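Participant: My structure file target.txt, compact mmCIF, C-alpha atoms, is below:
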# COMPACT_ATOMS: atom_id res chain seq x y z
CA MET J 1 23.78 -16.44 -41.33
CA SER J 2 21.93 -16.74 -38.05
CA SER J 3 20.89 -13.51 -36.35
CA ASN J 4 21.01 -14.91 -32.83
CA ASN J 5 22.66 -11.79 -31.41
CA MET J 6 20.37 -9.23 -33.01
CA VAL J 7 16.79 -8.10 -32.57
CA HIS J 8 15.35 -7.19 -35.95
CA ASN J 9 12.77 -4.49 -36.28
CA THR J 10 10.61 -6.70 -38.47
CA ILE J 11 10.56 -10.32 -39.57
CA ILE J 12 8.25 -11.12 -42.48
CA VAL J 13 7.14 -14.73 -42.80
CA GLY J 14 6.05 -15.52 -46.36
CA SER J 15 6.82 -14.05 -49.77
CA GLY J 16 3.75 -13.70 -51.96
CA PRO J 17 2.43 -10.30 -53.08
CA ALA J 18 1.53 -9.39 -49.48
CA GLY J 19 4.85 -10.35 -47.91
CA LEU J 20 6.98 -8.83 -50.64
CA THR J 21 5.02 -5.57 -50.61
CA ALA J 22 5.48 -5.45 -46.83
CA ALA J 23 9.19 -6.03 -47.46
CA ILE J 24 9.36 -3.14 -49.93
CA TYR J 25 7.64 -0.73 -47.55
CA THR J 26 9.52 -1.75 -44.42
CA ALA J 27 12.83 -1.67 -46.29
CA ARG J 28 12.14 1.79 -47.65
CA GLY J 29 11.20 2.81 -44.11
CA ARG J 30 14.72 1.80 -42.97
CA LEU J 31 13.40 -1.04 -40.82
CA ASP J 32 15.87 -3.54 -42.34
CA PRO J 33 13.31 -6.36 -42.67
CA LEU J 34 14.30 -10.01 -42.60
CA VAL J 35 12.09 -11.96 -45.02
CA ILE J 36 11.89 -15.70 -44.42
CA GLU J 37 10.41 -16.52 -47.79
CA GLY J 38 10.12 -20.30 -47.59
CA TYR J 39 11.30 -22.98 -49.98
CA GLN J 40 8.25 -22.34 -52.19
CA ALA J 41 8.80 -18.62 -52.43
CA GLY J 42 6.52 -16.29 -54.34
CA GLY J 43 3.10 -17.59 -53.34
CA GLN J 44 0.36 -18.82 -55.66
CA LEU J 45 1.41 -16.51 -58.48
CA MET J 46 4.36 -18.84 -59.04
CA LEU J 47 1.75 -21.33 -60.33
CA THR J 48 0.07 -18.79 -62.59
CA SER J 49 0.95 -18.32 -66.23
CA GLU J 50 -0.07 -14.85 -67.43
CA VAL J 51 -1.34 -12.14 -65.09
CA GLU J 52 -3.37 -9.50 -66.91
CA ASN J 53 -5.18 -7.76 -64.06
CA PHE J 54 -2.25 -6.38 -62.05
CA PRO J 55 -2.03 -2.61 -62.64
CA GLY J 56 0.97 -1.30 -64.54
CA PHE J 57 1.41 -4.16 -67.01
CA LYS J 58 -0.78 -3.32 -69.99
CA ASP J 59 0.37 -6.38 -71.94
CA GLY J 60 0.26 -8.69 -68.94
CA ILE J 61 3.14 -10.38 -67.14
CA MET J 62 3.94 -13.94 -66.20
CA GLY J 63 3.19 -14.72 -62.55
CA PRO J 64 6.73 -15.87 -61.64
CA GLU J 65 8.22 -12.85 -63.40
CA LEU J 66 5.96 -10.51 -61.43
CA MET J 67 7.05 -12.09 -58.17
CA MET J 68 10.72 -11.81 -59.12
CA GLU J 69 10.18 -8.11 -59.81
CA PHE J 70 8.60 -7.70 -56.36
CA ARG J 71 11.54 -9.50 -54.75
CA ALA J 72 14.19 -7.55 -56.64
CA GLN J 73 12.54 -4.28 -55.63
CA ALA J 74 12.57 -5.30 -51.96
CA GLU J 75 16.23 -6.35 -52.25
CA ARG J 76 17.09 -3.03 -53.85
CA PHE J 77 15.92 -1.24 -50.71
CA GLY J 78 17.85 -3.55 -48.41
CA ALA J 79 15.50 -6.40 -47.45
CA GLU J 80 17.35 -9.55 -46.40
CA PHE J 81 16.01 -12.93 -47.55
CA ILE J 82 16.28 -16.46 -46.18
CA THR J 83 15.01 -19.13 -48.58
CA LYS J 84 13.97 -21.65 -45.96
CA ASN J 85 10.81 -22.48 -44.03
CA VAL J 86 10.04 -21.21 -40.57
CA THR J 87 9.82 -24.22 -38.28
CA LYS J 88 8.59 -22.69 -35.01
CA VAL J 89 7.48 -19.36 -33.56
CA GLU J 90 6.89 -17.87 -30.13
CA LEU J 91 5.04 -14.61 -30.59
CA ASP J 92 4.16 -13.58 -27.03
CA GLY J 93 6.25 -10.98 -25.26
CA ASP J 94 8.03 -7.88 -26.46
CA ILE J 95 10.64 -9.88 -28.40
CA LYS J 96 9.23 -12.37 -30.91
CA LYS J 97 11.11 -15.60 -31.56
CA VAL J 98 11.25 -17.23 -34.98
CA TRP J 99 13.14 -20.45 -35.67
CA VAL J 100 14.46 -21.67 -39.00
CA ASP J 101 15.63 -25.19 -38.24
CA ASP J 102 18.03 -24.66 -35.32
CA ASP J 103 18.64 -20.97 -35.98
CA LEU J 104 16.76 -18.51 -33.78
CA TYR J 105 15.84 -15.05 -35.04
CA LEU J 106 14.47 -12.28 -32.84
CA ALA J 107 12.25 -9.33 -33.74
CA HIS J 108 10.18 -6.54 -32.27
CA THR J 109 7.45 -7.17 -34.86
CA VAL J 110 6.41 -10.08 -37.06
CA ILE J 111 4.34 -9.80 -40.24
CA ILE J 112 2.58 -13.03 -41.18
CA SER J 113 2.00 -13.38 -44.93
CA THR J 114 1.99 -17.13 -45.46
CA GLY J 115 -1.08 -17.08 -47.71
CA ALA J 116 -3.64 -19.79 -48.36
CA SER J 117 -3.49 -22.84 -50.58
CA ALA J 118 -6.28 -23.76 -52.93
CA ASN J 119 -7.68 -27.20 -52.22
CA LEU J 120 -7.03 -29.43 -55.22
CA LEU J 121 -8.61 -32.66 -56.39
CA GLY J 122 -5.39 -34.67 -56.36
CA LEU J 123 -5.63 -35.71 -60.01
CA LYS J 124 -2.70 -37.19 -61.89
CA ASN J 125 -2.45 -34.32 -64.39
CA GLU J 126 -3.91 -31.53 -62.28
CA SER J 127 -0.66 -29.83 -61.27
CA ARG J 128 0.97 -30.40 -64.66
CA LEU J 129 -1.84 -28.54 -66.40
CA MET J 130 -2.18 -25.80 -63.77
CA GLY J 131 -2.14 -22.52 -65.68
CA ARG J 132 -2.74 -24.42 -68.93
CA GLY J 133 -6.46 -24.82 -68.53
CA VAL J 134 -6.63 -25.86 -64.90
CA SER J 135 -7.27 -22.95 -62.54
CA THR J 136 -8.39 -22.19 -59.02
CA CYS J 137 -9.37 -18.54 -59.64
CA ALA J 138 -12.13 -17.47 -62.02
CA THR J 139 -11.55 -13.76 -61.57
CA CYS J 140 -7.86 -14.28 -62.37
CA ASP J 141 -8.21 -16.49 -65.43
CA GLY J 142 -11.77 -16.22 -66.74
CA PHE J 143 -10.80 -13.72 -69.42
CA PHE J 144 -8.68 -16.38 -71.16
CA PHE J 145 -11.74 -18.55 -71.82
CA ARG J 146 -13.80 -16.38 -74.12
CA ASP J 147 -16.27 -18.53 -76.10
CA LYS J 148 -14.82 -21.68 -74.53
CA THR J 149 -16.39 -24.60 -72.69
CA ILE J 150 -15.50 -24.80 -69.00
CA ALA J 151 -16.21 -27.10 -66.07
CA VAL J 152 -16.30 -25.96 -62.44
CA VAL J 153 -15.88 -28.57 -59.70
CA GLY J 154 -17.60 -27.93 -56.40
CA GLY J 155 -20.92 -27.61 -54.63
CA GLY J 156 -20.61 -24.58 -52.36
CA ASP J 157 -21.09 -20.86 -52.77
CA SER J 158 -17.61 -20.49 -54.26
CA ALA J 159 -18.43 -22.92 -57.07
CA MET J 160 -21.72 -21.19 -57.85
CA GLU J 161 -20.09 -17.77 -57.78
CA GLU J 162 -17.17 -18.85 -59.97
CA ALA J 163 -19.45 -20.59 -62.48
CA THR J 164 -21.75 -17.57 -62.71
CA PHE J 165 -18.79 -15.24 -63.19
CA LEU J 166 -17.33 -17.46 -65.91
CA THR J 167 -20.51 -17.20 -67.99
CA ARG J 168 -19.41 -13.66 -68.80
CA PHE J 169 -16.72 -15.20 -71.00
CA ALA J 170 -17.49 -18.86 -71.71
CA LYS J 171 -20.12 -20.15 -74.06
CA LYS J 172 -20.86 -23.09 -71.76
CA VAL J 173 -20.14 -23.83 -68.08
CA TYR J 174 -20.66 -27.20 -66.39
CA ILE J 175 -20.87 -27.48 -62.61
CA ILE J 176 -19.69 -30.93 -61.55
CA HIS J 177 -20.62 -32.08 -58.05
CA ARG J 178 -20.09 -35.42 -56.36
CA ARG J 179 -23.48 -35.42 -54.66
CA GLU J 180 -27.04 -34.50 -55.54
CA GLY J 181 -27.38 -31.95 -52.75
CA PHE J 182 -25.42 -28.70 -52.65
CA ARG J 183 -23.84 -26.84 -49.73
CA ALA J 184 -24.37 -23.55 -51.53
CA SER J 185 -26.87 -21.06 -50.18
CA LYS J 186 -30.25 -21.12 -51.85
CA ILE J 187 -29.81 -17.71 -53.46
CA MET J 188 -26.43 -18.58 -54.96
CA PHE J 189 -27.65 -21.97 -56.19
CA GLU J 190 -30.76 -20.49 -57.83
CA LYS J 191 -28.69 -17.82 -59.53
CA ALA J 192 -26.54 -20.51 -61.13
CA GLU J 193 -29.49 -22.78 -61.86
CA ASN J 194 -31.32 -20.01 -63.70
CA ASN J 195 -28.34 -19.10 -65.85
CA PRO J 196 -28.90 -20.53 -69.36
CA LYS J 197 -25.16 -21.07 -69.91
CA ILE J 198 -24.79 -23.32 -66.85
CA GLU J 199 -25.51 -27.06 -66.79
CA PHE J 200 -25.23 -29.25 -63.68
CA ILE J 201 -23.62 -32.68 -63.65
CA ILE J 202 -24.41 -34.27 -60.29
CA ASN J 203 -23.40 -37.49 -58.53
CA THR J 204 -20.15 -37.28 -60.49
CA ILE J 205 -16.47 -36.92 -59.69
CA VAL J 206 -13.59 -35.85 -61.90
CA THR J 207 -11.00 -38.65 -62.00
CA ASP J 208 -8.46 -36.85 -64.18
CA VAL J 209 -7.94 -34.01 -66.61
CA VAL J 210 -6.80 -34.68 -70.18
CA GLY J 211 -4.41 -32.73 -72.41
CA GLU J 212 -0.79 -32.40 -73.46
CA ASP J 213 -0.09 -28.66 -73.51
CA ALA J 214 -3.62 -27.54 -72.66
CA VAL J 215 -6.79 -29.04 -71.20
CA THR J 216 -8.96 -30.84 -73.75
CA ALA J 217 -11.26 -32.95 -71.57
CA ALA J 218 -12.11 -34.19 -68.10
CA LYS J 219 -12.55 -37.82 -67.16
CA LEU J 220 -15.72 -38.36 -65.15
CA GLN J 221 -17.14 -41.15 -63.05
CA ASN J 222 -20.71 -41.46 -61.80
CA THR J 223 -20.65 -42.02 -58.03
CA GLN J 224 -23.78 -44.18 -58.08
CA THR J 225 -23.32 -46.36 -61.16
CA GLY J 226 -19.54 -46.25 -61.58
CA GLU J 227 -20.04 -45.36 -65.24
CA GLU J 228 -17.12 -43.49 -66.77
CA ALA J 229 -17.22 -40.79 -69.44
CA GLU J 230 -15.04 -38.09 -70.98
CA LEU J 231 -16.29 -34.52 -71.13
CA PRO J 232 -14.69 -32.28 -73.80
CA ILE J 233 -13.74 -28.96 -72.15
CA ASP J 234 -11.21 -26.17 -72.56
CA GLY J 235 -10.78 -25.40 -68.88
CA LEU J 236 -11.28 -26.93 -65.45
CA PHE J 237 -11.81 -24.63 -62.47
CA VAL J 238 -11.43 -26.24 -59.06
CA ALA J 239 -13.65 -24.48 -56.51
CA ILE J 240 -13.57 -26.68 -53.43
CA GLY J 241 -12.20 -24.09 -51.04
CA HIS J 242 -8.88 -22.85 -49.70
CA THR J 243 -6.84 -23.75 -46.64
CA PRO J 244 -4.96 -20.91 -44.94
CA ASN J 245 -1.32 -21.69 -44.21
CA THR J 246 -1.61 -21.01 -40.49
CA GLU J 247 -0.69 -24.32 -38.82
CA LEU J 248 2.52 -22.72 -37.58
CA PHE J 249 0.61 -20.05 -35.64
CA LYS J 250 -2.15 -22.11 -34.02
CA ASN J 251 -2.75 -21.54 -30.30
CA GLN J 252 -0.94 -18.21 -30.58
CA VAL J 253 -2.84 -15.82 -32.86
CA THR J 254 -6.64 -15.78 -32.95
CA MET J 255 -8.20 -17.51 -35.97
CA ASP J 256 -11.69 -18.17 -37.23
CA GLU J 257 -13.21 -21.63 -37.53
CA LYS J 258 -11.51 -22.18 -40.90
CA GLY J 259 -8.07 -21.18 -39.70
CA TYR J 260 -7.89 -17.67 -41.17
CA ILE J 261 -6.12 -15.18 -38.93
CA ILE J 262 -8.46 -12.57 -37.50
CA THR J 263 -7.11 -9.06 -37.82
CA SER J 264 -8.28 -6.00 -35.94
CA SER J 265 -11.28 -3.88 -36.85
CA ASP J 266 -9.41 -1.03 -35.17
CA LYS J 267 -8.99 1.49 -37.96
CA SER J 268 -5.60 2.60 -36.62
CA HIS J 269 -4.04 -0.85 -37.16
CA ILE J 270 -6.26 -2.88 -39.48
CA THR J 271 -3.75 -5.73 -39.90
CA ALA J 272 -3.07 -6.20 -36.18
CA THR J 273 -3.63 -9.63 -34.66
CA ASN J 274 -4.54 -10.28 -31.03
CA ILE J 275 -0.81 -10.21 -30.14
CA PRO J 276 0.81 -6.76 -29.92
CA GLY J 277 3.51 -6.44 -32.54
CA VAL J 278 2.20 -9.25 -34.73
CA PHE J 279 0.44 -8.38 -37.98
CA ALA J 280 -1.12 -10.44 -40.76
CA CYS J 281 -1.76 -9.62 -44.40
CA GLY J 282 -2.83 -11.22 -47.66
CA ASP J 283 -4.72 -14.47 -48.13
CA VAL J 284 -3.77 -15.72 -44.68
CA GLN J 285 -6.44 -13.34 -43.34
CA ASP J 286 -8.48 -12.57 -46.46
CA LYS J 287 -10.94 -15.29 -47.41
CA ARG J 288 -13.03 -13.09 -49.69
CA TYR J 289 -10.99 -11.34 -52.37
CA ARG J 290 -7.83 -13.45 -52.76
CA GLN J 291 -6.35 -11.23 -55.47
CA ALA J 292 -2.72 -10.27 -55.97
CA ILE J 293 -3.55 -6.58 -55.87
CA THR J 294 -5.58 -6.78 -52.64
CA ALA J 295 -2.87 -8.92 -51.06
CA ALA J 296 -0.27 -6.33 -52.04
CA GLY J 297 -2.44 -3.58 -50.58
CA SER J 298 -2.77 -5.37 -47.27
CA GLY J 299 0.99 -5.96 -47.26
CA CYS J 300 1.45 -2.22 -47.48
CA SER J 301 -0.99 -1.77 -44.59
CA ALA J 302 0.84 -4.33 -42.46
CA ALA J 303 4.17 -2.61 -43.08
CA LEU J 304 2.78 0.77 -42.06
CA ASP J 305 1.04 -0.75 -39.03
CA ALA J 306 4.31 -2.38 -37.95
CA GLU J 307 6.16 0.90 -38.44
CA HIS J 308 3.62 2.78 -36.31
CA TYR J 309 3.88 0.11 -33.63
CA LEU J 310 7.66 0.37 -33.59
CA GLU J 311 7.40 4.14 -33.23
CA SER J 312 5.49 3.56 -30.00
CA LEU J 313 8.46 1.65 -28.54
CA PRO J 314 10.95 4.26 -27.30
CA GLU J 315 13.83 1.81 -27.06
CA VAL J 316 13.69 0.86 -30.76
CA GLU J 317 16.04 2.70 -33.09
CA ASP J 318 15.70 3.23 -36.83
CA VAL J 319 17.79 0.17 -37.65
CA SER J 320 18.16 -3.32 -36.25
CA GLU J 321 19.46 -3.21 -32.71
CA PRO J 322 22.28 -5.47 -31.41
CA VAL J 323 21.63 -7.13 -28.09
CA ALA J 324 23.63 -9.35 -25.81
CA ALA J 325 23.85 -12.94 -26.99
With the file now loaded, output its structure as structure tokens.

Facilitator:
Amino acid sequence: MSSNNMVHNTIIVGSGPAGLTAAIYTARGRLDPLVIEGYQAGGQLMLTSEVENFPGFKDGIMGPELMMEFRAQAERFGAEFITKNVTKVELDGDIKKVWVDDDLYLAHTVIISTGASANLLGLKNESRLMGRGVSTCATCDGFFFRDKTIAVVGGGDSAMEEATFLTRFAKKVYIIHRREGFRASKIMFEKAENNPKIEFIINTIVTDVVGEDAVTAAKLQNTQTGEEAELPIDGLFVAIGHTPNTELFKNQVTMDEKGYIITSSDKSHITATNIPGVFACGDVQDKRYRQAITAAGSGCSAALDAEHYLESLPEVEDVSEPVAA
């Protein structure tokens, strides 16, 4: 139901670990948050099989199950959900405007938690085998590849860092790069180059990943000769960067050159954007850690920052405030 005649205390855009944690905290704070979770609710953990590094689950938990637990907890405290995409926002002014198709929703504060999407290779079987040997996060999934053979695709610092980290578990790590030169910094490249477990395959692209229920090989093609080959591997890690989901907020909130939202260094409101009353949390503003637990932590911070902001507005009551249509 459209909330055209009501100004919400808080609208949360996005529903990964950051957005849902913000929903839990704002709901428990009696702010009656409206969460516009999107058609692809739950964030990147919905694409993850088993999560073993989130505190409180000693035996691990499936990514989608963890997100459903987050959501149910927020609902328990009164958060309202809309399972559609936000189509437009106007964030300037005291009252923020958020559209879902033709429905307009109003709020005193907006928390942006739309996350970032890992850049993929666009292979035929890449998405099908995601979580079954294909991964975009070494720190999330490296533990599952003890004594296995892994390939990392990429040529920047992220690829070098992921490959080096994976040598803690794997017996062999290939770094596959489409060119001979690397974008990685010299220190990161040399660290990978000097690691005895790492072998470079250059001037090569991955044309597909092979396997029924799990990855068994990668199909390769030499970019100079066109020669094709199949590399037996147990896992393929794609490390070609992330794209923050911030297109909706361009020309409104301040972003860096890659599109990540810049949040305040002001210790009193660390998740604040350049627009008063607008906060950002999770991977949409974190290009370094990109972990479920750090996203959840920043969601908590955004909720508390929004609550403190609302307390500074004398006309705002504890619950959503009706206004004239």

Participant: Near Val278 of chain J, counting only C-alpha atoms, which residues have an atom at most 8 Å away, once you skip same-chain residues fewer than 2 positions from it, shown as a list in words?

Facilitator: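 Listed by chain and then number, they are Leu91, Thr109, Val110, Ile111, Ile112, Ala272, Thr273, Asn274, Ile275, Pro276, Ala280 and Ala306 of chain J.
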
Participant: Any idea what's packed within 6 Å of Ala296 of chain J, counting all atoms listed in the file, ignoring anything in its chain fewer than 3 positions away? Could you give it as an MDAnalysis selection string?

Facilitator: chainID J and resid 17:18 21 293 299

Participant: I'd like the interatomic distance between atom CA of Ala163 of chain J and atom CA of Arg183 of chain J, to a tenth of an Å.

Facilitator: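 Separation of atom CA of Ala163 of chain J and atom CA of Arg183 of chain J: 14.9 Å.
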
Participant: Identify which of the residues J:Thr167, J:Asp234, J:Glu90, J:Leu66 lies closest to Asn194 of chain J, counting only C-alpha atoms when measuring atom-to-atom distances.

Facilitator: J:Thr167

Participant: Go through J:Gly78, J:Val7, J:Asn53, J:Asn222 and flag the residue nearest Thr26 of chain J, using all atoms listed in the file for the distances.

Facilitator: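 Among the listed residues, J:Gly78 lies closest to Thr26 of chain J.
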